[in-house]
Structure formats: C-alpha cells, structure tokens
Amino acid sequence: MRKANLIAQRGGEQGGLALVGHTDCVPFDPDWAGALRPSLEDGKLYGRGAADTKAFLAAMMSAASRTQASPLQLVFTADEEVGCLGAQKLVEEGALRPRYAVVGEPRG
C-alpha cells in the first residue's frame with residue numbers, strides 16, 4: 001500500500017524551520033515475542049514503539065500553534081521504518097528547502 005507524506009507550512013516554502021517526524025511504526029513481527037509486551041531491563045524500555053516519534057509529532061503541532069514563526073514547515077513522513085521511503089521521496093521532489101530542521105527521532 002502506498003502512503004503519503006504530509007507537509008503543513010506557514011509562510012514561504014523556502015528557508016525557515018522544518019520540524020520533521022515520521023508517522024509509521026516498526027512493522028509488526030509475530031516472531032518478536034516481546035513486541036506487544038513491553039519490558040524494562042537495566043532502566044531501558046523495550047517493545048514495539050518504545051522509542052518513536054509520536055510524542056514529537058504532538059509536540060511540534062503544539063509548538064506551531066503557539067508561535068507565529070514563519071516560514072515554518074511541519075513535515076510528517078511515511079514509510080521511514082521500511083527504508084526511509086518518505087524522506088527519499090521528499091528529496092527526489094525537492095519539496096523541502098528549510099534553512100534549519102529539527103528531526104524528532106529518538107534513536108541514534
């Protein structure tokens with residue numbers, strides 16, 4: 001199934017700040033016994049979605065509603081967990097040209 005990216009913008013399309021997060025989750029694998037049963041080990045939480053961008057997506061929408069900063073882009077990409085397909089599509093299209101970007105990805 002093809003999925004779409006979403007870009008919400010205020011002001012011009014070039015320059016400014018882009019807040020970027022992805023909307024998908026790690027694909028479900030029934031062989032991953034702990035996927036749906038989170039566990040805490042050595043102070044770290046393990047399980048499907050334990051480190052994800054959903055909180056950042058909420059934070060970026062909240063931040064955008066509280067500022068008049070412009071230009072500002074909120075970028076929601078799709079299919080990042082299966083090969084960064086959404087981000088690749090944005091690069092191919094030349095859809096983003098921010099001066100700065102904050103990517104809310106909690107993994108390094």
# chains A, B, ... in the order shown; residues from 1 in each chain; ligands from 1
$ residues_around --residues "region 85-98 of chain A" --least-positions-apart "4" --cutoff "6 Å" --atoms "only C-alpha atoms" --output "list in words"
Gln14, Gly15, Gly16, Leu17, Ala18, Thr77, Ala78, Asp79 and Glu80 of chain A
$ select_by_dssp --residues "chain A" --states "helix (DSSP H, G or I)" --output "PyMOL selection string"
chain A and resi 54-65+85-93
$ select_by_dssp --residues "chain A" --states "strand (DSSP E)" --output "PyMOL selection string"
chain A and resi 6-10+17-22+39-41+44-46+72-77+100-103
$ residues_around --residues "region 41-55 of chain A" --least-positions-apart "3" --cutoff "12 Å" --atoms "only C-alpha atoms" --output "mmCIF file with N, CA and C atoms, in the first residue's frame"
data_model
loop_
_atom_site.group_PDB
_atom_site.id
_atom_site.type_symbol
_atom_site.label_atom_id
_atom_site.label_comp_id
_atom_site.auth_asym_id
_atom_site.auth_seq_id
_atom_site.Cartn_x
_atom_site.Cartn_y
_atom_site.Cartn_z
ATOM 1 N N LEU A 19 10.125 21.193 11.125
ATOM 2 C CA LEU A 19 10.033 20.208 12.200
ATOM 3 C C LEU A 19 9.597 18.908 11.537
ATOM 4 N N VAL A 20 10.393 17.859 11.695
ATOM 5 C CA VAL A 20 10.214 16.641 10.899
ATOM 6 C C VAL A 20 10.062 15.415 11.798
ATOM 7 N N GLY A 21 9.036 14.620 11.521
ATOM 8 C CA GLY A 21 8.841 13.356 12.229
ATOM 9 C C GLY A 21 8.140 12.369 11.311
ATOM 10 N N HIS A 22 8.271 11.088 11.606
ATOM 11 C CA HIS A 22 7.607 10.090 10.754
ATOM 12 C C HIS A 22 6.373 9.522 11.453
ATOM 13 N N THR A 23 5.432 9.074 10.647
ATOM 14 C CA THR A 23 4.128 8.653 11.151
ATOM 15 C C THR A 23 3.957 7.147 11.281
ATOM 16 N N ASP A 24 4.916 6.373 10.804
ATOM 17 C CA ASP A 24 4.754 4.928 10.859
ATOM 18 C C ASP A 24 5.419 4.343 12.093
ATOM 19 N N CYS A 25 5.171 3.075 12.306
ATOM 20 C CA CYS A 25 5.708 2.327 13.444
ATOM 21 C C CYS A 25 6.488 1.134 12.896
ATOM 22 N N VAL A 26 7.357 0.583 13.695
ATOM 23 C CA VAL A 26 8.077 -0.619 13.282
ATOM 24 C C VAL A 26 7.051 -1.680 12.868
ATOM 25 N N PRO A 27 7.227 -2.307 11.705
ATOM 26 C CA PRO A 27 6.265 -3.328 11.277
ATOM 27 C C PRO A 27 6.141 -4.443 12.315
ATOM 28 N N PHE A 28 4.938 -4.942 12.450
ATOM 29 C CA PHE A 28 4.675 -5.999 13.421
ATOM 30 C C PHE A 28 5.264 -7.312 12.934
ATOM 31 N N ASP A 29 5.949 -8.001 13.820
ATOM 32 C CA ASP A 29 6.517 -9.313 13.528
ATOM 33 C C ASP A 29 6.046 -10.272 14.616
ATOM 34 N N PRO A 30 5.178 -11.219 14.282
ATOM 35 C CA PRO A 30 4.658 -12.137 15.297
ATOM 36 C C PRO A 30 5.737 -12.973 15.973
ATOM 37 N N TRP A 32 8.463 -11.745 17.152
ATOM 38 C CA TRP A 32 9.064 -10.920 18.201
ATOM 39 C C TRP A 32 8.169 -11.025 19.427
ATOM 40 N N ALA A 33 8.493 -11.942 20.298
ATOM 41 C CA ALA A 33 7.645 -12.273 21.454
ATOM 42 C C ALA A 33 7.364 -11.062 22.340
ATOM 43 N N GLY A 34 8.312 -10.165 22.481
ATOM 44 C CA GLY A 34 8.137 -9.021 23.376
ATOM 45 C C GLY A 34 7.563 -7.781 22.719
ATOM 46 N N ALA A 35 7.198 -7.866 21.447
ATOM 47 C CA ALA A 35 6.727 -6.682 20.728
ATOM 48 C C ALA A 35 5.531 -6.014 21.400
ATOM 49 N N LEU A 36 4.588 -6.808 21.844
ATOM 50 C CA LEU A 36 3.368 -6.260 22.442
ATOM 51 C C LEU A 36 3.364 -6.357 23.961
ATOM 52 N N ARG A 37 4.479 -6.804 24.512
ATOM 53 C CA ARG A 37 4.627 -6.902 25.967
ATOM 54 C C ARG A 37 5.887 -6.139 26.365
ATOM 55 N N PRO A 38 5.767 -4.827 26.564
ATOM 56 C CA PRO A 38 6.973 -4.060 26.892
ATOM 57 C C PRO A 38 7.637 -4.565 28.157
ATOM 58 N N ALA A 58 3.260 15.297 18.285
ATOM 59 C CA ALA A 58 2.341 16.086 19.110
ATOM 60 C C ALA A 58 3.010 17.378 19.566
ATOM 61 N N ALA A 59 4.279 17.304 19.968
ATOM 62 C CA ALA A 59 4.995 18.492 20.433
ATOM 63 C C ALA A 59 5.157 19.513 19.315
ATOM 64 N N MET A 60 5.441 19.063 18.090
ATOM 65 C CA MET A 60 5.630 20.022 17.007
ATOM 66 C C MET A 60 4.311 20.692 16.620
ATOM 67 N N MET A 61 3.196 19.974 16.691
ATOM 68 C CA MET A 61 1.903 20.613 16.411
ATOM 69 C C MET A 61 1.551 21.613 17.501
ATOM 70 N N SER A 62 1.834 21.269 18.737
ATOM 71 C CA SER A 62 1.584 22.186 19.844
ATOM 72 C C SER A 62 2.447 23.435 19.711
ATOM 73 N N PHE A 76 5.540 15.497 8.025
ATOM 74 C CA PHE A 76 5.166 14.167 8.508
ATOM 75 C C PHE A 76 5.501 13.185 7.379
ATOM 76 N N THR A 77 6.500 12.338 7.592
ATOM 77 C CA THR A 77 6.899 11.412 6.538
ATOM 78 C C THR A 77 6.344 10.011 6.798
ATOM 79 N N ALA A 78 6.216 9.258 5.721
ATOM 80 C CA ALA A 78 5.674 7.899 5.779
ATOM 81 C C ALA A 78 6.745 6.892 5.401
ATOM 82 N N GLU A 80 9.172 5.360 6.947
ATOM 83 C CA GLU A 80 10.563 5.528 7.373
ATOM 84 C C GLU A 80 11.105 4.245 7.980
ATOM 85 N N GLU A 81 10.251 3.452 8.598
ATOM 86 C CA GLU A 81 10.702 2.221 9.250
ATOM 87 C C GLU A 81 11.015 1.107 8.257
ATOM 88 N N VAL A 102 14.647 20.340 12.543
ATOM 89 C CA VAL A 102 14.714 19.554 13.768
ATOM 90 C C VAL A 102 14.004 18.250 13.460
ATOM 91 N N VAL A 103 14.744 17.141 13.567
ATOM 92 C CA VAL A 103 14.178 15.824 13.286
ATOM 93 C C VAL A 103 13.979 15.119 14.615
ATOM 94 N N GLY A 104 12.738 14.817 14.925
ATOM 95 C CA GLY A 104 12.404 14.211 16.222
ATOM 96 C C GLY A 104 12.536 12.716 16.215
ATOM 97 N N GLU A 105 13.737 12.218 16.055
ATOM 98 C CA GLU A 105 13.984 10.783 16.044
ATOM 99 C C GLU A 105 14.773 10.431 17.293
ATOM 100 N N PRO A 106 14.185 9.646 18.204
ATOM 101 C CA PRO A 106 14.855 9.387 19.480
ATOM 102 C C PRO A 106 15.973 8.366 19.416
ATOM 103 N N ARG A 107 16.148 7.710 18.311
ATOM 104 C CA ARG A 107 17.225 6.717 18.196
ATOM 105 C C ARG A 107 18.404 7.340 17.481
ATOM 106 N N GLY A 108 19.587 6.872 17.789
ATOM 107 C CA GLY A 108 20.774 7.475 17.187
ATOM 108 C C GLY A 108 21.499 6.623 16.244
#
$ atom_distance --atom1 "CA of Ser39 (chain A)" --atom2 "CA of Gly83 (chain A)"
26.4 Å
$ closest_residue --among "A:Val75, A:Ser70, A:Ala8, A:Leu40" --to "Phe56 (chain A)" --atoms "only C-alpha atoms"
A:Val75
$ residues_around --residues "Gln9 (chain A)" --least-positions-apart "4" --cutoff "7 Å" --atoms "only C-alpha atoms" --output "CSV table (one decimal) with N, CA and C atoms, in the first residue's frame"
chain,number,residue,atom,x,y,z
A,72,LEU,N,7.6,28.3,8.4
A,72,LEU,CA,7.6,27.1,9.2
A,72,LEU,C,7.0,26.0,8.5
A,73,GLN,N,7.6,24.8,8.5
A,73,GLN,CA,7.1,23.6,7.9
A,73,GLN,C,7.0,22.5,9.0
A,74,LEU,N,5.8,21.9,9.0
A,74,LEU,CA,5.6,20.6,9.8
A,74,LEU,C,5.6,19.5,8.8
$ closest_residue --among "A:Arg66, A:Arg10, A:Arg99, A:Lys3" --to "Val82 (chain A)" --atoms "only C-alpha atoms"
A:Lys3
$ atom_distance --atom1 "CA of Leu6 (chain A)" --atom2 "CA of Tyr100 (chain A)"
18.2 Å
